[in-house]
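**Student:** File run34.csv follows (CSV, C-alpha atoms):
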chain,number,residue,atom,x,y,z
H,1,MET,CA,-64.1,20.6,-62.2
H,2,LEU,CA,-60.7,20.8,-63.9
H,3,ASN,CA,-61.7,23.8,-66.0
H,4,THR,CA,-61.0,26.5,-63.4
H,5,PRO,CA,-58.1,27.1,-61.1
H,6,LEU,CA,-60.4,26.8,-58.1
H,7,GLY,CA,-61.7,23.4,-59.4
H,8,ARG,CA,-58.2,22.1,-59.9
H,9,TYR,CA,-57.1,23.3,-56.5
H,10,ARG,CA,-60.2,21.7,-54.8
H,11,LEU,CA,-59.7,18.3,-56.6
H,12,LEU,CA,-56.0,18.2,-55.7
H,13,ALA,CA,-56.7,19.3,-52.1
H,14,TYR,CA,-59.0,16.3,-51.7
H,15,ILE,CA,-56.5,13.8,-53.3
H,16,VAL,CA,-53.5,15.1,-51.3
H,17,GLY,CA,-55.5,15.2,-48.1
H,18,THR,CA,-56.6,11.6,-48.6
H,19,PHE,CA,-53.1,10.4,-49.3
H,20,LEU,CA,-51.8,12.2,-46.3
H,21,ILE,CA,-54.4,10.6,-44.0
H,22,VAL,CA,-53.5,7.1,-45.4
H,23,LEU,CA,-49.8,7.9,-44.9
H,24,PHE,CA,-50.3,9.2,-41.3
H,25,PHE,CA,-52.8,6.7,-40.0
H,26,VAL,CA,-51.9,3.6,-41.9
H,27,GLY,CA,-48.3,3.9,-43.2
H,28,ILE,CA,-46.6,5.4,-40.1
H,29,PRO,CA,-48.2,3.0,-37.6
H,30,LEU,CA,-47.3,0.0,-39.8
H,31,GLN,CA,-43.7,1.3,-40.0
H,32,ALA,CA,-43.4,2.0,-36.3
H,33,TRP,CA,-45.1,-1.1,-34.8
H,34,ALA,CA,-45.3,-3.8,-37.5
H,35,HIS,CA,-41.9,-2.8,-39.1
H,36,ASN,CA,-43.6,-2.9,-42.5
H,37,ASP,CA,-42.1,-0.1,-44.6
H,38,PHE,CA,-44.1,-0.8,-47.8
H,39,VAL,CA,-47.0,1.6,-47.3
H,40,ALA,CA,-45.0,4.4,-45.8
H,41,LYS,CA,-42.4,4.3,-48.5
H,42,TYR,CA,-44.5,4.2,-51.7
H,43,ILE,CA,-47.4,6.3,-50.4
H,44,GLY,CA,-44.7,8.7,-49.2
H,45,ILE,CA,-43.2,9.0,-52.7
H,46,LEU,CA,-46.6,9.3,-54.3
H,47,HIS,CA,-47.6,12.0,-51.8
H,48,GLY,CA,-44.4,13.8,-52.5
H,49,PHE,CA,-45.1,14.2,-56.2
H,50,LEU,CA,-48.8,14.9,-55.7
H,51,TYR,CA,-47.8,17.6,-53.2
H,52,LEU,CA,-45.8,19.4,-56.0
H,53,VAL,CA,-48.8,19.3,-58.3
H,54,TYR,CA,-50.9,20.6,-55.5
H,55,LEU,CA,-48.5,23.4,-54.9
H,56,VAL,CA,-48.7,24.4,-58.6
H,57,ALA,CA,-52.5,24.4,-58.4
H,58,CYS,CA,-52.3,26.6,-55.2
H,59,LEU,CA,-49.8,29.0,-56.9
H,60,GLU,CA,-52.0,29.3,-59.9
H,61,LEU,CA,-55.1,30.1,-57.7
H,62,VAL,CA,-53.2,32.6,-55.6
H,63,LEU,CA,-51.7,34.4,-58.5
H,64,ARG,CA,-54.9,34.5,-60.5
H,65,PHE,CA,-57.1,35.8,-57.7
H,66,ARG,CA,-54.4,37.8,-55.9
H,67,LEU,CA,-54.9,36.0,-52.6
H,68,HIS,CA,-52.9,36.9,-49.5
H,69,VAL,CA,-49.6,35.3,-48.9
H,70,VAL,CA,-50.7,34.0,-45.5
H,71,ARG,CA,-53.5,32.1,-47.2
H,72,PHE,CA,-50.9,30.6,-49.6
H,73,LEU,CA,-48.7,29.5,-46.8
H,74,LEU,CA,-51.6,27.9,-45.0
H,75,MET,CA,-52.6,26.2,-48.3
H,76,ALA,CA,-49.1,24.9,-48.7
H,77,ALA,CA,-49.0,23.7,-45.1
H,78,ALA,CA,-52.3,21.9,-45.7
H,79,GLY,CA,-50.3,19.5,-47.9
H,80,PHE,CA,-48.4,18.0,-45.0
H,81,VAL,CA,-50.7,18.6,-41.9
H,82,PRO,CA,-53.4,16.0,-41.7
H,83,PHE,CA,-57.0,17.2,-42.2
H,84,LEU,CA,-55.9,20.8,-42.7
H,85,SER,CA,-56.3,20.5,-46.5
H,86,PHE,CA,-60.1,19.8,-46.1
H,87,VAL,CA,-60.5,22.8,-43.8
H,88,MET,CA,-58.5,25.1,-46.1
H,89,GLU,CA,-60.4,23.9,-49.2
H,90,ARG,CA,-63.7,24.8,-47.5
H,91,LYS,CA,-62.4,28.2,-46.3
H,92,THR,CA,-60.9,29.2,-49.6
H,93,THR,CA,-63.8,28.1,-51.7
H,94,SER,CA,-66.4,29.9,-49.6
H,95,TYR,CA,-64.1,33.0,-49.5
H,96,LEU,CA,-63.8,33.2,-53.3
H,97,GLN,CA,-67.5,32.5,-53.8
H,98,ALA,CA,-68.5,35.3,-51.3
H,99,ARG,CA,-66.0,37.6,-53.0
H,100,GLU,CA,-67.4,36.9,-56.5
H,101,HIS,CA,-71.0,37.4,-55.2
H,102,ARG,CA,-70.0,40.7,-53.7
H,103,LEU,CA,-68.3,41.9,-56.8
H,104,GLN,CA,-71.3,41.0,-58.9
H,105,SER,CA,-73.8,42.7,-56.6
H,106,THR,CA,-72.0,46.0,-56.3
H,107,PRO,CA,-70.7,48.2,-59.1
H,108,VAL,CA,-66.9,48.0,-59.2
H,109,ALA,CA,-66.2,51.6,-60.2
H,110,ALA,CA,-68.0,52.9,-57.1
H,111,SER,CA,-65.7,51.1,-54.7
H,112,ALA,CA,-62.5,52.7,-55.9
H,113,PRO,CA,-61.8,55.8,-53.8
H,114,THR,CA,-60.6,59.0,-55.6
H,115,ASP,CA,-57.3,59.6,-53.8
A,1,MET,CA,-50.6,64.4,-91.3
A,2,ALA,CA,-53.8,64.7,-93.2
A,3,PRO,CA,-56.9,63.4,-91.3
A,4,GLU,CA,-58.2,60.2,-92.6
A,5,PRO,CA,-61.9,59.9,-93.3
A,6,GLY,CA,-62.2,57.1,-90.8
A,7,ARG,CA,-60.8,59.4,-88.1
A,8,LEU,CA,-63.3,62.1,-88.7
A,9,CYS,CA,-66.4,60.0,-88.2
A,10,GLY,CA,-64.7,58.3,-85.2
A,11,SER,CA,-65.5,54.8,-86.3
A,12,SER,CA,-61.8,53.7,-86.6
A,13,SER,CA,-60.2,52.1,-83.6
A,14,THR,CA,-58.5,54.9,-81.5
A,15,SER,CA,-55.3,53.5,-80.2
A,16,ILE,CA,-54.0,55.3,-77.2
A,17,ARG,CA,-50.3,54.5,-78.0
A,18,ASP,CA,-50.2,55.1,-81.7
A,19,GLU,CA,-47.8,58.1,-82.1
A,20,SER,CA,-45.0,56.3,-84.0
A,21,ALA,CA,-46.7,55.9,-87.4
A,22,GLY,CA,-43.8,54.3,-89.4
A,23,ALA,CA,-42.4,51.9,-86.8
A,24,PRO,CA,-43.6,48.3,-86.8
A,25,LEU,CA,-46.3,48.0,-84.1
A,26,ARG,CA,-44.9,44.8,-82.7
A,27,ALA,CA,-41.5,46.3,-82.0
A,28,VAL,CA,-43.0,49.3,-80.3
A,29,LEU,CA,-45.2,47.1,-78.1
A,30,TYR,CA,-42.2,44.9,-77.2
A,31,ALA,CA,-40.0,47.9,-76.3
A,32,GLY,CA,-42.8,49.2,-74.1
A,33,THR,CA,-43.1,45.9,-72.4
A,34,VAL,CA,-39.5,45.6,-71.4
A,35,GLU,CA,-39.5,49.2,-70.2
A,36,ARG,CA,-42.6,48.8,-68.1
A,37,VAL,CA,-41.4,45.6,-66.5
A,38,PHE,CA,-38.1,47.2,-65.7
A,39,ARG,CA,-39.7,50.3,-64.3
A,40,THR,CA,-41.8,48.1,-62.1
A,41,ALA,CA,-38.9,46.0,-61.0
A,42,ILE,CA,-36.7,48.9,-59.8
A,43,ARG,CA,-39.4,50.3,-57.6
A,44,LEU,CA,-38.5,50.2,-53.9
A,45,ARG,CA,-41.5,48.1,-52.9
A,46,TRP,CA,-40.2,45.3,-55.1
A,47,LEU,CA,-36.8,45.1,-53.4
A,48,PRO,CA,-38.0,42.7,-50.7
A,49,ARG,CA,-39.5,40.4,-53.3
A,50,HIS,CA,-36.2,40.4,-55.3
A,51,VAL,CA,-34.3,39.5,-52.0
A,52,LEU,CA,-36.8,36.8,-51.2
A,53,LEU,CA,-36.5,35.4,-54.8
A,54,ILE,CA,-32.7,35.2,-54.4
A,55,VAL,CA,-32.8,33.7,-50.9
A,56,LEU,CA,-35.5,31.1,-51.8
A,57,VAL,CA,-33.9,30.0,-55.1
A,58,THR,CA,-30.5,29.7,-53.5
A,59,THR,CA,-31.8,27.7,-50.6
A,60,LEU,CA,-33.9,25.4,-52.7
A,61,SER,CA,-31.1,24.8,-55.2
A,62,LEU,CA,-28.7,24.0,-52.4
A,63,LEU,CA,-31.2,21.6,-50.9
A,64,GLY,CA,-31.5,19.9,-54.3
A,65,ARG,CA,-27.8,19.7,-54.5
A,66,TRP,CA,-27.6,18.1,-51.1
A,67,GLN,CA,-30.1,15.4,-52.0
A,68,TRP,CA,-28.2,14.9,-55.3
A,69,ASP,CA,-25.0,14.3,-53.3
A,70,VAL,CA,-26.9,11.9,-50.9
A,71,SER,CA,-28.2,9.9,-53.8
A,72,GLU,CA,-24.7,9.3,-55.1
A,73,SER,CA,-23.4,8.3,-51.7
A,74,GLN,CA,-23.6,4.8,-50.2
A,75,ARG,CA,-26.7,5.3,-48.1
A,76,GLY,CA,-28.6,7.1,-50.8
A,77,GLY,CA,-30.7,5.9,-53.7
A,78,LEU,CA,-33.3,6.6,-56.3
A,79,GLN,CA,-35.6,8.3,-53.7
A,80,ASN,CA,-33.0,10.9,-52.9
A,81,LEU,CA,-32.5,11.6,-56.6
A,82,LEU,CA,-36.2,12.2,-57.0
A,83,TYR,CA,-36.1,14.5,-53.9
A,84,ALA,CA,-33.3,16.5,-55.6
A,85,PHE,CA,-35.4,17.1,-58.7
A,86,GLN,CA,-38.4,18.0,-56.5
A,87,TRP,CA,-36.3,20.7,-54.7
A,88,TRP,CA,-35.2,22.1,-58.1
A,89,PHE,CA,-38.8,22.1,-59.3
A,90,MET,CA,-39.8,24.2,-56.3
A,91,ALA,CA,-37.0,26.7,-57.1
A,92,ALA,CA,-38.4,26.9,-60.7
A,93,MET,CA,-41.9,27.5,-59.2
A,94,VAL,CA,-40.6,30.4,-57.1
A,95,ILE,CA,-39.1,32.0,-60.3
A,96,TYR,CA,-42.3,31.5,-62.1
A,97,GLY,CA,-44.4,33.1,-59.4
A,98,TRP,CA,-42.0,36.1,-59.2
A,99,ALA,CA,-42.0,36.6,-63.0
A,100,ARG,CA,-45.8,36.3,-63.1
A,101,LEU,CA,-46.3,38.9,-60.3
A,102,LEU,CA,-43.8,41.2,-62.0
A,103,HIS,CA,-45.5,40.9,-65.3
A,104,ASP,CA,-49.0,41.4,-63.9
A,105,ALA,CA,-47.9,44.4,-61.9
A,106,ALA,CA,-46.4,46.0,-65.0
A,107,HIS,CA,-49.5,45.2,-67.1
A,108,PRO,CA,-52.5,46.0,-65.0
A,109,LYS,CA,-54.9,45.2,-67.9
A,110,ALA,CA,-53.3,41.9,-68.9
A,111,PRO,CA,-55.8,39.1,-69.6
A,112,ALA,CA,-54.6,37.1,-66.6
A,113,ALA,CA,-55.8,39.7,-64.2
A,114,THR,CA,-59.3,39.8,-65.6
A,115,ASN,CA,-61.2,36.6,-65.0
A,116,THR,CA,-64.4,35.2,-63.5
A,117,ILE,CA,-63.7,37.6,-60.6
A,118,PRO,CA,-63.1,40.6,-62.9
A,119,VAL,CA,-60.7,43.1,-61.4
A,120,PRO,CA,-58.5,43.3,-58.3
A,121,THR,CA,-60.2,46.2,-56.5
A,122,ALA,CA,-60.2,47.4,-53.0
A,123,SER,CA,-63.3,45.3,-52.1
A,124,GLY,CA,-61.9,42.4,-54.1
A,125,SER,CA,-58.6,42.0,-52.3
A,126,ASP,CA,-58.1,39.2,-49.8
A,127,GLY,CA,-58.2,41.7,-47.0
A,128,GLU,CA,-60.8,40.7,-44.5
A,129,ARG,CA,-58.8,38.2,-42.6
A,130,TRP,CA,-55.3,39.2,-43.4
A,131,THR,CA,-55.2,42.9,-44.1
A,132,ARG,CA,-53.0,44.2,-46.9
A,133,ARG,CA,-52.5,47.8,-47.8
A,134,ARG,CA,-53.4,48.5,-51.4
A,135,SER,CA,-51.4,51.2,-53.1
A,136,THR,CA,-52.8,54.1,-55.0
A,137,SER,CA,-51.5,52.9,-58.3
A,138,GLU,CA,-53.3,49.6,-57.9
A,139,LEU,CA,-56.5,51.4,-57.3
A,140,ILE,CA,-55.9,53.5,-60.4
A,141,ASP,CA,-55.1,50.4,-62.3
A,142,ALA,CA,-58.4,49.0,-61.1
A,143,GLN,CA,-60.2,52.1,-62.3
A,144,LEU,CA,-58.5,51.8,-65.7
A,145,ALA,CA,-59.3,48.2,-66.1
A,146,THR,CA,-63.0,48.8,-65.4
A,147,GLY,CA,-63.2,50.8,-68.6
A,148,ASP,CA,-62.7,54.4,-67.7
A,149,SER,CA,-60.0,54.7,-70.4
A,150,ALA,CA,-62.3,52.9,-72.9
A,151,SER,CA,-65.1,55.3,-72.3
A,152,ALA,CA,-62.8,58.2,-72.6
A,153,ALA,CA,-61.4,56.9,-75.9
A,154,ALA,CA,-64.8,56.1,-77.3
A,155,GLY,CA,-66.1,59.3,-78.8
A,156,GLU,CA,-63.8,62.2,-78.0
A,157,SER,CA,-61.1,64.0,-80.0
A,158,ASP,CA,-57.4,63.1,-79.8
A,159,ASP,CA,-56.6,66.3,-77.9
A,160,GLU,CA,-58.9,65.3,-75.1
A,161,LEU,CA,-57.5,61.8,-75.2
A,162,ALA,CA,-53.9,63.2,-74.9
A,163,ALA,CA,-55.0,65.4,-72.0
A,164,TYR,CA,-56.6,62.4,-70.3
A,165,ASN,CA,-53.4,60.3,-70.8
A,166,ASP,CA,-51.3,63.1,-69.4
A,167,TYR,CA,-53.6,63.2,-66.4
A,168,LEU,CA,-53.3,59.5,-65.9
A,169,ALA,CA,-49.5,59.7,-66.2
A,170,ARG,CA,-49.4,62.4,-63.6
A,171,LEU,CA,-51.6,60.3,-61.3
A,172,ASN,CA,-49.2,57.4,-61.8
A,173,GLN,CA,-46.1,59.5,-61.0
A,174,ARG,CA,-47.7,60.8,-57.9
A,175,ALA,CA,-48.6,57.3,-56.8
A,176,GLU,CA,-45.1,56.1,-57.4
A,177,ARG,CA,-43.6,59.0,-55.5
A,178,ALA,CA,-45.8,58.2,-52.5
A,179,HIS,CA,-44.0,54.9,-52.0
Can the structure from this file be put into structure tokens for me?

**Tutor:**
Amino acid sequence: MLNTPLGRYRLLAYIVGTFLIVLFFVGIPLQAWAHNDFVAKYIGILHGFLYLVYLVACLELVLRFRLHVVRFLLMAAAGFVPFLSFVMERKTTSYLQAREHRLQSTPVAASAPTD
Amino acid sequence: MAPEPGRLCGSSSTSIRDESAGAPLRAVLYAGTVERVFRTAIRLRWLPRHVLLIVLVTTLSLLGRWQWDVSESQRGGLQNLLYAFQWWFMAAMVIYGWARLLHDAAHPKAPAATNTIPVPTASGSDGERWTRRRSTSELIDAQLATGDSASAAAGESDDELAAYNDYLARLNQRAERAH
């Protein structure tokens, strides 16, 4: 899973998404109503660093496969919007798989127009 | 120059860019690299990316500086110091992405562009959901990368190869003028 840019991106999307859900639905309520800062503070720092690693993985994937900048912005936003990382992981994976399948089934030279 | 026996039977590797016989090959390749990157960078379509680079790097660096100052103040602490380094790391990532894009645009046949999904072609772009206009030079690059130049260089004479290279250069010039 860690051998390809897509695999690294997918793994980090799951990890960051899970940390974000813990932060949002455990840490923030504890901080707001129980006045217990512990979870919010340390999960927050951990999420901050994992988010940077996740951004590196996103950048690598986007540069390698020449994905659109809107997709990159959505992938970056998925690191701090709860549940969005799981949605974007599914969408990007299925998009890349469909693209690879299409490239393998059709000859590449025939698709390039002759100006 | 007297023809070598290897050239006649066509078994030796025909290098497209092999005119300078005496110069060290590495120096020639390096000079070509700098020139190609520079030529790509001064194209008009790269201007917004340069502006974006400067704006983003300046903003991110100043944000890091701000957190650095907070960390040294009374209310700040170790967490703000870590935030400062995170902002600066993001600035470095922006520079890396810019350099990588520039390098790949200047070297269409670089190994980074050919992967599991082989070549960025018209059908291979991320264009169904968010459409992006593909330039003519990119399409030509894609044609080149799929092996048109390799098949041309395989069994033909050097004259035909030179004519083909001239043709490609003219195509490239026309594509660059179109922008």

**Student:** Just the number, please: distance in Å from atom CA of H:Phe19 to atom CA of H:Ile43, one decimal.

**Tutor:** 7.1 Å

**Student:** For a quick check of understanding, using all atoms listed in the file, which of H:Gly27, H:Leu12, H:Asn36, H:Val81 has the smallest distance to H:Tyr51?

**Tutor:**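 Among the listed residues, the smallest separation from H:Tyr51 belongs to H:Leu12.
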
**Student:** Could you list the residues in chain H lying within 6 Å of chain A, using only C-alpha atoms, and format the result as a list of chain:residue names?

**Tutor:** H:Leu67, H:His68, H:Glu100

**Student:** Could you check which of H:Leu23, H:Leu63, H:Ile15, H:Leu55 is closest to H:Met75, using all atoms listed in the file?

**Tutor:**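 Closest to H:Met75 of all the choices is H:Leu55.
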
**Student:** Which residue gives the smallest distance to H:Ser85 among H:Ala34, H:Leu2, H:Leu103, H:Ala13, with only C-alpha atoms counted?

**Tutor:**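 That would be H:Ala13, the residue with the smallest distance to H:Ser85.
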
**Student:** I'd like the interatomic distance between atom CA of A:Leu56 and atom CA of A:Trp88, to a tenth of an Å.

**Tutor:**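 According to the coordinates, atom CA of A:Leu56 and atom CA of A:Trp88 are separated by 11.0 Å.
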
**Student:** Compare H:Arg99, H:Arg66, H:Arg71, H:His47 by their minimum atom-to-atom distance to H:Val22, counting all atoms listed in the file, and give me the closest one.

**Tutor:**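 Under the stated criterion, the closest residue is H:His47.
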
**Student:** List as an mmCIF file with C-alpha atoms, in the frame of the given file the protein and nucleic acid residues near H:Met88, meaning an atom at most 12 Å away when all atoms listed in the file are counted, but skip any in the same chain fewer than 5 places from it.

**Tutor:**
data_model
loop_
_atom_site.group_PDB
_atom_site.id
_atom_site.type_symbol
_atom_site.label_atom_id
_atom_site.label_comp_id
_atom_site.auth_asym_id
_atom_site.auth_seq_id
_atom_site.Cartn_x
_atom_site.Cartn_y
_atom_site.Cartn_z
ATOM 1 C CA TYR H 9 -57.100 23.300 -56.500
ATOM 2 C CA ARG H 10 -60.200 21.700 -54.800
ATOM 3 C CA ALA H 13 -56.700 19.300 -52.100
ATOM 4 C CA TYR H 14 -59.000 16.300 -51.700
ATOM 5 C CA GLY H 17 -55.500 15.200 -48.100
ATOM 6 C CA CYS H 58 -52.300 26.600 -55.200
ATOM 7 C CA VAL H 70 -50.700 34.000 -45.500
ATOM 8 C CA ARG H 71 -53.500 32.100 -47.200
ATOM 9 C CA PHE H 72 -50.900 30.600 -49.600
ATOM 10 C CA LEU H 73 -48.700 29.500 -46.800
ATOM 11 C CA LEU H 74 -51.600 27.900 -45.000
ATOM 12 C CA MET H 75 -52.600 26.200 -48.300
ATOM 13 C CA ALA H 76 -49.100 24.900 -48.700
ATOM 14 C CA ALA H 77 -49.000 23.700 -45.100
ATOM 15 C CA ALA H 78 -52.300 21.900 -45.700
ATOM 16 C CA GLY H 79 -50.300 19.500 -47.900
ATOM 17 C CA VAL H 81 -50.700 18.600 -41.900
ATOM 18 C CA PRO H 82 -53.400 16.000 -41.700
ATOM 19 C CA PHE H 83 -57.000 17.200 -42.200
ATOM 20 C CA THR H 93 -63.800 28.100 -51.700
ATOM 21 C CA SER H 94 -66.400 29.900 -49.600
ATOM 22 C CA TYR H 95 -64.100 33.000 -49.500
#

**Student:** May I ask for the distance between atom CA of H:Gln97 and atom CA of H:Phe80, given in Å to one decimal place?

**Tutor:** 25.5 Å

**Student:** Which of these residues is nearest to A:Ile42, using only C-alpha atoms: A:Val57, A:Val70, A:Ala106, A:Ile95?

**Tutor:**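 When distances to A:Ile42 are compared using only C-alpha atoms, the smallest one comes from A:Ala106.
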
**Student:** Of the candidates H:Val16, H:Met1, H:Ala32, H:Val69, which one gets nearest to H:Tyr54 if we count all atoms listed in the file?

**Tutor:**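 The shortest atom-to-atom distance to H:Tyr54 comes from H:Val16.
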
**Student:** Give as a list in words each residue that has an atom at most 12 Å from (-39.5, 49.9, -58.7) in the file, counting all atoms listed in the file.

**Tutor:**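 The residues that fall inside the cut-off are Glu35, Arg36, Val37, Phe38, Arg39, Thr40, Ala41, Ile42, Arg43, Leu44, Arg45, Trp46, Leu47, Pro48, Arg49, His50, Leu102, Ala105, Ala106, Gln173, Ala175, Glu176, Arg177 and His179 of chain A.
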